[in-house]
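What follows is the content of structure19.cif (mmCIF, C-alpha atoms and all ligand atoms).
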data_final
loop_
_atom_site.label_atom_id
_atom_site.label_comp_id
_atom_site.auth_asym_id
_atom_site.auth_seq_id
_atom_site.Cartn_x
_atom_site.Cartn_y
_atom_site.Cartn_z
CA MET A 1 -31.18 -13.80 -106.00
CA ARG A 2 -30.19 -15.81 -102.90
CA ASP A 3 -26.95 -16.88 -104.59
CA GLN A 4 -25.92 -13.27 -104.99
CA LEU A 5 -25.96 -12.69 -101.24
CA PRO A 6 -22.92 -13.43 -99.01
CA ALA A 7 -23.04 -16.90 -97.41
CA ASP A 8 -23.49 -15.45 -93.90
CA ASP A 9 -26.25 -12.98 -94.86
CA PRO A 10 -29.34 -13.73 -92.69
CA LEU A 11 -31.53 -12.67 -95.62
CA ARG A 12 -30.61 -15.95 -97.33
CA ASP A 13 -32.49 -17.94 -94.67
CA GLU A 14 -35.37 -15.47 -94.66
CA LEU A 15 -35.65 -15.84 -98.45
CA ALA A 16 -35.76 -19.63 -98.04
CA VAL A 17 -38.70 -19.31 -95.58
CA PHE A 18 -40.37 -16.76 -97.90
CA ILE A 19 -40.13 -19.19 -100.84
CA ARG A 20 -41.48 -22.08 -98.72
CA GLN A 21 -44.43 -20.00 -97.56
CA GLU A 22 -45.24 -18.73 -101.06
CA ALA A 23 -44.99 -22.28 -102.46
CA ALA A 24 -47.53 -23.43 -99.84
CA HIS A 25 -49.80 -20.49 -100.72
CA THR A 26 -49.58 -21.41 -104.41
CA ARG A 27 -50.38 -25.08 -103.69
CA LEU A 28 -53.54 -24.34 -101.72
CA HIS A 29 -54.68 -21.51 -104.00
CA ARG A 30 -54.29 -23.82 -107.01
CA ALA A 31 -56.64 -26.29 -105.34
CA TYR A 32 -59.05 -23.43 -104.60
CA ASN A 33 -58.83 -22.22 -108.21
CA GLN A 34 -59.65 -25.74 -109.43
CA ALA A 35 -62.83 -25.61 -107.35
CA LEU A 36 -63.64 -22.24 -108.95
CA TYR A 37 -63.21 -23.66 -112.48
CA HIS A 38 -65.57 -26.52 -111.59
CA ALA A 39 -68.05 -24.00 -110.21
CA GLY A 40 -68.31 -22.44 -113.70
CA TYR A 41 -65.79 -19.60 -113.68
CA ASP A 42 -64.43 -20.85 -116.97
CA ARG A 43 -62.43 -17.78 -118.00
CA LEU A 44 -60.15 -17.91 -114.95
CA PRO A 45 -57.65 -20.38 -116.49
CA GLY A 46 -57.16 -18.01 -119.46
CA ILE A 47 -56.57 -15.04 -117.14
CA GLU A 48 -54.05 -17.08 -115.11
CA GLN A 49 -52.26 -18.18 -118.29
CA ASP A 50 -51.98 -14.58 -119.49
CA LEU A 51 -50.54 -13.53 -116.12
CA ALA A 52 -48.08 -16.46 -116.10
CA ALA A 53 -46.93 -15.53 -119.65
CA GLU A 54 -46.31 -11.93 -118.55
CA TYR A 55 -44.34 -13.15 -115.53
CA ARG A 56 -42.22 -15.37 -117.78
CA GLY A 57 -41.55 -12.31 -119.94
CA PHE A 58 -40.52 -10.29 -116.86
CA LEU A 59 -38.08 -13.01 -115.79
CA ASP A 60 -36.65 -13.34 -119.31
CA HIS A 61 -36.38 -9.69 -120.25
CA LYS A 62 -36.27 -7.51 -117.15
CA SER A 63 -33.38 -7.02 -114.74
CA LEU A 64 -33.09 -8.66 -111.35
CA ARG A 65 -33.60 -5.23 -109.75
CA TRP A 66 -36.81 -4.77 -111.76
CA ASN A 67 -38.14 -8.21 -110.73
CA ALA A 68 -37.13 -7.67 -107.08
CA GLY A 69 -38.91 -4.31 -107.30
CA TYR A 70 -42.06 -5.99 -108.65
CA ALA A 71 -41.96 -8.55 -105.81
CA GLN A 72 -41.47 -5.70 -103.33
CA GLY A 73 -44.46 -3.83 -104.83
CA PHE A 74 -46.60 -6.98 -104.67
CA GLU A 75 -45.56 -7.58 -101.05
CA VAL A 76 -46.49 -4.01 -100.04
CA LEU A 77 -50.06 -5.26 -100.17
CA GLY A 78 -49.50 -8.27 -97.85
CA PRO A 79 -49.49 -6.59 -94.42
CA LEU A 80 -52.11 -4.05 -95.57
CA TYR A 81 -54.55 -6.72 -96.72
CA ALA A 82 -53.78 -8.67 -93.52
CA GLU A 83 -54.99 -5.71 -91.46
CA PHE A 84 -57.98 -5.29 -93.79
CA ILE A 85 -59.15 -8.91 -93.58
CA PHE A 86 -58.57 -9.30 -89.81
CA GLU A 87 -59.89 -5.93 -88.66
CA HIS A 88 -62.22 -4.38 -91.24
CA VAL A 89 -64.42 -6.95 -92.98
CA ASP A 90 -65.85 -9.31 -90.35
CA ASP A 91 -69.35 -8.07 -91.22
CA LEU A 92 -68.80 -8.68 -94.95
CA LEU A 93 -67.45 -12.19 -94.32
CA ASP A 94 -70.46 -13.09 -92.20
CA GLY A 95 -72.00 -16.12 -93.93
CA ALA A 96 -68.98 -16.63 -96.23
CA ASP A 97 -67.63 -20.13 -96.85
CA ALA A 98 -65.48 -20.71 -93.75
CA GLN A 99 -62.79 -22.66 -95.63
CA VAL A 100 -62.32 -19.91 -98.21
CA ALA A 101 -62.31 -17.13 -95.60
CA ASP A 102 -59.73 -19.06 -93.54
CA LEU A 103 -57.60 -19.74 -96.62
CA TRP A 104 -57.30 -15.98 -97.14
CA ARG A 105 -56.80 -15.26 -93.42
CA TRP A 106 -53.98 -17.82 -93.22
CA HIS A 107 -52.37 -16.57 -96.42
CA LEU A 108 -52.48 -12.92 -95.33
CA ALA A 109 -51.24 -13.71 -91.80
CA GLU A 110 -48.15 -15.25 -93.42
CA GLU A 111 -47.86 -12.28 -95.77
CA TYR A 112 -47.63 -10.13 -92.64
CA GLU A 113 -45.04 -12.51 -91.22
CA HIS A 114 -42.66 -12.27 -94.22
CA ARG A 115 -43.37 -8.58 -94.96
CA MET A 116 -39.69 -7.54 -94.76
CA VAL A 117 -38.10 -10.07 -97.12
CA ALA A 118 -38.96 -8.59 -100.54
CA HIS A 119 -38.40 -5.04 -99.25
CA GLN A 120 -34.87 -5.87 -98.05
CA SER A 121 -34.07 -8.00 -101.10
CA TYR A 122 -35.04 -5.14 -103.41
CA TYR A 123 -32.63 -2.74 -101.70
CA ARG A 124 -29.88 -5.39 -101.73
CA MET A 125 -30.37 -5.65 -105.52
CA GLY A 126 -29.73 -1.92 -105.97
CA GLY A 127 -33.16 -0.44 -105.26
CA SER A 128 -33.59 3.25 -104.60
CA TYR A 129 -36.38 5.53 -103.38
CA LEU A 130 -37.56 6.98 -106.70
CA HIS A 131 -37.25 3.66 -108.49
CA ARG A 132 -39.24 2.03 -105.66
CA LEU A 133 -42.06 4.55 -106.13
CA TRP A 134 -42.15 3.93 -109.86
CA ILE A 135 -41.92 0.12 -109.71
CA THR A 136 -44.51 -0.08 -106.91
CA TRP A 137 -46.91 2.01 -109.00
CA THR A 138 -46.17 -0.15 -112.08
CA THR A 139 -46.73 -3.35 -110.07
CA LEU A 140 -49.99 -2.23 -108.48
CA ARG A 141 -51.38 -1.12 -111.85
CA HIS A 142 -50.36 -4.45 -113.42
CA LEU A 143 -51.95 -6.48 -110.63
CA GLY A 144 -55.01 -4.23 -110.63
CA ARG A 145 -55.62 -4.93 -114.31
CA PHE A 146 -55.64 -8.72 -113.81
CA ASN A 147 -57.66 -8.42 -110.62
CA ALA A 148 -60.29 -6.34 -112.42
CA ARG A 149 -60.51 -8.89 -115.26
CA ALA A 150 -61.05 -11.78 -112.81
CA GLU A 151 -63.55 -9.82 -110.74
CA ARG A 152 -65.58 -8.74 -113.79
CA HIS A 153 -65.74 -12.33 -115.05
CA MET A 154 -66.73 -13.80 -111.67
CA LEU A 155 -69.41 -11.21 -110.97
CA LYS A 156 -70.83 -11.66 -114.47
CA ALA A 157 -70.93 -15.45 -114.02
CA ASP A 158 -72.64 -14.99 -110.64
CA ALA A 159 -75.16 -12.52 -112.08
CA GLN A 160 -76.44 -15.15 -114.52
CA LYS A 161 -77.71 -17.23 -111.61
CA LEU A 162 -79.34 -14.35 -109.71
CA THR A 163 -82.79 -12.79 -109.81
CA PRO A 164 -82.94 -9.06 -110.79
CA GLN A 165 -83.37 -8.20 -107.12
CA GLN A 166 -80.36 -10.29 -106.09
CA ARG A 167 -78.36 -8.73 -108.90
CA ARG A 168 -79.07 -5.25 -107.55
CA ALA A 169 -78.04 -6.40 -104.05
CA SER A 170 -74.84 -7.93 -105.48
CA ARG A 171 -73.94 -4.68 -107.27
CA LYS A 172 -74.60 -2.70 -104.08
CA ARG A 173 -72.39 -5.03 -102.06
CA THR A 174 -69.60 -4.85 -104.65
CA ARG A 175 -69.68 -1.03 -104.49
CA GLN A 176 -69.56 -1.24 -100.69
CA VAL A 177 -66.46 -3.52 -100.77
CA HIS A 178 -64.71 -1.26 -103.32
CA ARG A 179 -65.47 1.86 -101.29
CA ARG A 180 -64.25 0.36 -98.03
CA LEU A 181 -61.08 -1.09 -99.55
CA GLY A 182 -60.42 2.12 -101.51
CA TRP A 183 -60.58 4.37 -98.43
CA PHE A 184 -58.53 1.91 -96.40
CA LEU A 185 -55.76 1.66 -99.02
CA LEU A 186 -55.72 5.42 -99.58
CA ARG A 187 -54.89 5.95 -95.89
CA LYS A 188 -52.42 3.08 -95.70
CA VAL A 189 -50.56 3.71 -98.93
CA LEU A 190 -49.48 7.25 -97.94
CA PRO A 191 -46.64 6.06 -95.60
CA VAL A 192 -45.45 3.73 -98.40
CA LEU A 193 -44.71 6.85 -100.47
CA LEU A 194 -42.25 8.27 -97.91
CA PRO A 195 -38.49 7.80 -98.45
CA GLY A 196 -37.94 5.99 -95.13
CA TYR A 197 -40.84 3.53 -95.55
CA THR A 198 -40.31 0.11 -94.07
CA PRO A 199 -42.96 -2.51 -93.29
CA ALA A 200 -41.00 -3.41 -90.12
CA HIS A 201 -43.12 -1.42 -87.67
CA LEU A 202 -46.58 -2.21 -88.99
CA PRO A 203 -48.54 -3.69 -86.07
CA MET A 204 -49.51 -7.35 -86.35
CA PRO A 205 -53.30 -7.78 -86.39
CA ALA A 206 -54.31 -9.63 -83.19
CA GLY A 207 -56.35 -12.11 -85.23
CA ALA A 208 -53.31 -12.94 -87.37
CA ARG A 209 -51.23 -13.81 -84.30
CA ARG A 210 -53.98 -16.04 -82.90
CA LEU A 211 -54.42 -17.84 -86.23
CA LEU A 212 -50.68 -18.46 -86.70
CA GLU A 213 -50.38 -19.78 -83.12
CA ARG A 214 -53.35 -22.09 -83.75
CA MET A 215 -51.79 -23.35 -86.99
CA ASP A 216 -48.28 -23.73 -85.64
CA GLY A 217 -47.13 -27.28 -86.39
CA MET A 218 -50.03 -28.12 -88.69
CA ASP A 219 -49.05 -30.02 -91.83
CA LEU A 220 -50.35 -28.25 -94.95
CA ALA A 221 -48.76 -30.61 -97.47
FE FE A 301 -48.42 -15.43 -100.63
FE FE A 302 -45.86 -12.85 -99.91
#
Starting from the file, give its structure as structure tokens.
Amino acid sequence: MRDQLPADDPLRDELAVFIRQEAAHTRLHRAYNQALYHAGYDRLPGIEQDLAAEYRGFLDHKSLRWNAGYAQGFEVLGPLYAEFIFEHVDDLLDGADAQVADLWRWHLAEEYEHRMVAHQSYYRMGGSYLHRLWITWTTLRHLGRFNARAERHMLKADAQKLTPQQRRASRKRTRQVHRRLGWFLLRKVLPVLLPGYTPAHLPMPAGARRLLERMDGMDLA
């Protein structure tokens, strides 16, 4: 996609940063996923392989505009989840593994940072309003299906190690997370449906700025 842009287009450099950031996300999430396999979530590799196969199919058989639209739809979630994790779930993360919580905070802070790149790239590749609505819906449904599979498997694996009382508490907590995220996304997704939507003006969560300043210059290799 970068090669199709004029040599002096600033989006070329922004795409290069986007790719670097996503490559770093992938590297650290792969290490995290390895830890999850070792912890007994043995169906996760199969779910990842199915998703990777579908992505290969998208790259082989769908147009560049379609793939840019999928990336744009995926990236719609970045700044929204950044706000959610920094401003709406501190109570739920109380007692969570600090490394895992920080992995997600760092990832989502960078998602906020590069929120414009996929949006602009999609329009450069011939995107339009109605197509954006359709491809965003298609993308979110596709991601939602894989997310639900992984969540079902992980909760089921967890449930095997819990007492009946803990299992009830786990189910209650899961419902609470779904409800909170559902209401949050319902409010936040409405502006995405408007013709003039752009992620440009979404406010940066204060916690995201602090975290990125703290991490500035750190080597994540
Ligand atoms: Fe990412
Ligand atoms: Fe991203």
* Residues within 8 Å of ligand FE 302 (chain A), counting all atoms listed in the file, as a ChimeraX atom specification -> /A:18,21-22,74-75,78,110-112,114-115
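Proximity to ligand FE 301 (chain A) was assessed for A:Pro79, A:Gly144, A:Gly46, A:Gly69 counting only C-alpha atoms and all ligand atoms; the smallest distance is recorded for A:Pro79.
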* In Å, how far is it from atom CA of A:Ser170 to atom CA of A:Lys156? -> 10.5 Å
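Counting all atoms listed in the file and comparing A:Arg2, A:Arg65, A:His25, A:Arg209, the residue that lies closest to A:Ile135 is A:Arg65.
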* To do: Go ahead and compute the interatomic distance for atom CA of A:Leu36 and atom CA of A:Ala169, in Å to one decimal.
  => 22.0 Å
* To do: Could you check how far atom CA of A:Ala208 sits from atom CA of A:Leu108, in Å to one decimal?
  => 8.0 Å
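When all atoms listed in the file are used to measure the gap to A:His201, the shortest distance among A:Tyr81, A:Glu113, A:Ala98, A:Asp3 belongs to A:Glu113.
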Atoms added to stretch 29-55 of chain A (N, CA and C atoms), reported as a PDB file, in the coordinates of the input:
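The file below, rebuild-v8.pdb, is the result:
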ATOM      1  N   HIS A  29     -53.870 -22.351-103.112  1.00  0.00           N
ATOM      2  CA  HIS A  29     -54.680 -21.510-104.000  1.00  0.00           C
ATOM      3  C   HIS A  29     -54.955 -22.195-105.325  1.00  0.00           C
ATOM      4  N   ARG A  30     -54.022 -23.061-105.772  1.00  0.00           N
ATOM      5  CA  ARG A  30     -54.290 -23.820-107.010  1.00  0.00           C
ATOM      6  C   ARG A  30     -55.486 -24.738-106.807  1.00  0.00           C
ATOM      7  N   ALA A  31     -55.516 -25.392-105.633  1.00  0.00           N
ATOM      8  CA  ALA A  31     -56.640 -26.290-105.340  1.00  0.00           C
ATOM      9  C   ALA A  31     -57.942 -25.472-105.277  1.00  0.00           C
ATOM     10  N   TYR A  32     -57.873 -24.307-104.680  1.00  0.00           N
ATOM     11  CA  TYR A  32     -59.050 -23.430-104.600  1.00  0.00           C
ATOM     12  C   TYR A  32     -59.482 -23.007-106.009  1.00  0.00           C
ATOM     13  N   ASN A  33     -58.488 -22.641-106.846  1.00  0.00           N
ATOM     14  CA  ASN A  33     -58.830 -22.220-108.210  1.00  0.00           C
ATOM     15  C   ASN A  33     -59.487 -23.353-109.000  1.00  0.00           C
ATOM     16  N   GLN A  34     -59.004 -24.587-108.773  1.00  0.00           N
ATOM     17  CA  GLN A  34     -59.650 -25.740-109.430  1.00  0.00           C
ATOM     18  C   GLN A  34     -61.128 -25.798-109.073  1.00  0.00           C
ATOM     19  N   ALA A  35     -61.424 -25.586-107.798  1.00  0.00           N
ATOM     20  CA  ALA A  35     -62.830 -25.610-107.350  1.00  0.00           C
ATOM     21  C   ALA A  35     -63.611 -24.490-108.044  1.00  0.00           C
ATOM     22  N   LEU A  36     -62.952 -23.344-108.262  1.00  0.00           N
ATOM     23  CA  LEU A  36     -63.640 -22.240-108.950  1.00  0.00           C
ATOM     24  C   LEU A  36     -63.925 -22.589-110.409  1.00  0.00           C
ATOM     25  N   TYR A  37     -62.949 -23.274-111.076  1.00  0.00           N
ATOM     26  CA  TYR A  37     -63.210 -23.660-112.480  1.00  0.00           C
ATOM     27  C   TYR A  37     -64.436 -24.583-112.528  1.00  0.00           C
ATOM     28  N   HIS A  38     -64.454 -25.562-111.595  1.00  0.00           N
ATOM     29  CA  HIS A  38     -65.570 -26.520-111.590  1.00  0.00           C
ATOM     30  C   HIS A  38     -66.898 -25.828-111.286  1.00  0.00           C
ATOM     31  N   ALA A  39     -66.810 -24.715-110.558  1.00  0.00           N
ATOM     32  CA  ALA A  39     -68.050 -24.000-110.210  1.00  0.00           C
ATOM     33  C   ALA A  39     -68.547 -23.134-111.371  1.00  0.00           C
ATOM     34  N   GLY A  40     -67.801 -23.128-112.504  1.00  0.00           N
ATOM     35  CA  GLY A  40     -68.310 -22.440-113.700  1.00  0.00           C
ATOM     36  C   GLY A  40     -67.583 -21.152-114.059  1.00  0.00           C
ATOM     37  N   TYR A  41     -66.552 -20.814-113.325  1.00  0.00           N
ATOM     38  CA  TYR A  41     -65.790 -19.600-113.680  1.00  0.00           C
ATOM     39  C   TYR A  41     -64.755 -19.976-114.738  1.00  0.00           C
ATOM     40  N   ASP A  42     -65.259 -20.192-115.965  1.00  0.00           N
ATOM     41  CA  ASP A  42     -64.430 -20.850-116.970  1.00  0.00           C
ATOM     42  C   ASP A  42     -63.397 -19.956-117.643  1.00  0.00           C
ATOM     43  N   ARG A  43     -63.450 -18.659-117.375  1.00  0.00           N
ATOM     44  CA  ARG A  43     -62.430 -17.780-118.000  1.00  0.00           C
ATOM     45  C   ARG A  43     -61.221 -17.592-117.088  1.00  0.00           C
ATOM     46  N   LEU A  44     -61.286 -18.112-115.862  1.00  0.00           N
ATOM     47  CA  LEU A  44     -60.150 -17.910-114.950  1.00  0.00           C
ATOM     48  C   LEU A  44     -58.856 -18.555-115.447  1.00  0.00           C
ATOM     49  N   PRO A  45     -58.917 -19.799-116.013  1.00  0.00           N
ATOM     50  CA  PRO A  45     -57.650 -20.380-116.490  1.00  0.00           C
ATOM     51  C   PRO A  45     -56.969 -19.488-117.522  1.00  0.00           C
ATOM     52  N   GLY A  46     -57.738 -18.876-118.429  1.00  0.00           N
ATOM     53  CA  GLY A  46     -57.160 -18.010-119.460  1.00  0.00           C
ATOM     54  C   GLY A  46     -56.495 -16.786-118.822  1.00  0.00           C
ATOM     55  N   ILE A  47     -57.141 -16.222-117.805  1.00  0.00           N
ATOM     56  CA  ILE A  47     -56.570 -15.040-117.140  1.00  0.00           C
ATOM     57  C   ILE A  47     -55.267 -15.431-116.444  1.00  0.00           C
ATOM     58  N   GLU A  48     -55.277 -16.604-115.775  1.00  0.00           N
ATOM     59  CA  GLU A  48     -54.050 -17.080-115.110  1.00  0.00           C
ATOM     60  C   GLU A  48     -52.931 -17.318-116.117  1.00  0.00           C
ATOM     61  N   GLN A  49     -53.290 -17.915-117.270  1.00  0.00           N
ATOM     62  CA  GLN A  49     -52.260 -18.180-118.290  1.00  0.00           C
ATOM     63  C   GLN A  49     -51.655 -16.886-118.813  1.00  0.00           C
ATOM     64  N   ASP A  50     -52.494 -15.868-119.009  1.00  0.00           N
ATOM     65  CA  ASP A  50     -51.980 -14.580-119.490  1.00  0.00           C
ATOM     66  C   ASP A  50     -51.019 -13.974-118.456  1.00  0.00           C
ATOM     67  N   LEU A  51     -51.394 -14.091-117.181  1.00  0.00           N
ATOM     68  CA  LEU A  51     -50.540 -13.530-116.120  1.00  0.00           C
ATOM     69  C   LEU A  51     -49.213 -14.299-116.057  1.00  0.00           C
ATOM     70  N   ALA A  52     -49.312 -15.644-116.151  1.00  0.00           N
ATOM     71  CA  ALA A  52     -48.080 -16.460-116.100  1.00  0.00           C
ATOM     72  C   ALA A  52     -47.161 -16.108-117.271  1.00  0.00           C
ATOM     73  N   ALA A  53     -47.748 -15.874-118.469  1.00  0.00           N
ATOM     74  CA  ALA A  53     -46.930 -15.530-119.650  1.00  0.00           C
ATOM     75  C   ALA A  53     -46.232 -14.188-119.415  1.00  0.00           C
ATOM     76  N   GLU A  54     -46.953 -13.241-118.809  1.00  0.00           N
ATOM     77  CA  GLU A  54     -46.310 -11.930-118.550  1.00  0.00           C
ATOM     78  C   GLU A  54     -45.185 -12.089-117.528  1.00  0.00           C
ATOM     79  N   TYR A  55     -45.395 -12.941-116.529  1.00  0.00           N
ATOM     80  CA  TYR A  55     -44.340 -13.150-115.530  1.00  0.00           C
ATOM     81  C   TYR A  55     -43.108 -13.814-116.165  1.00  0.00           C
TER      82      TYR A  55
END
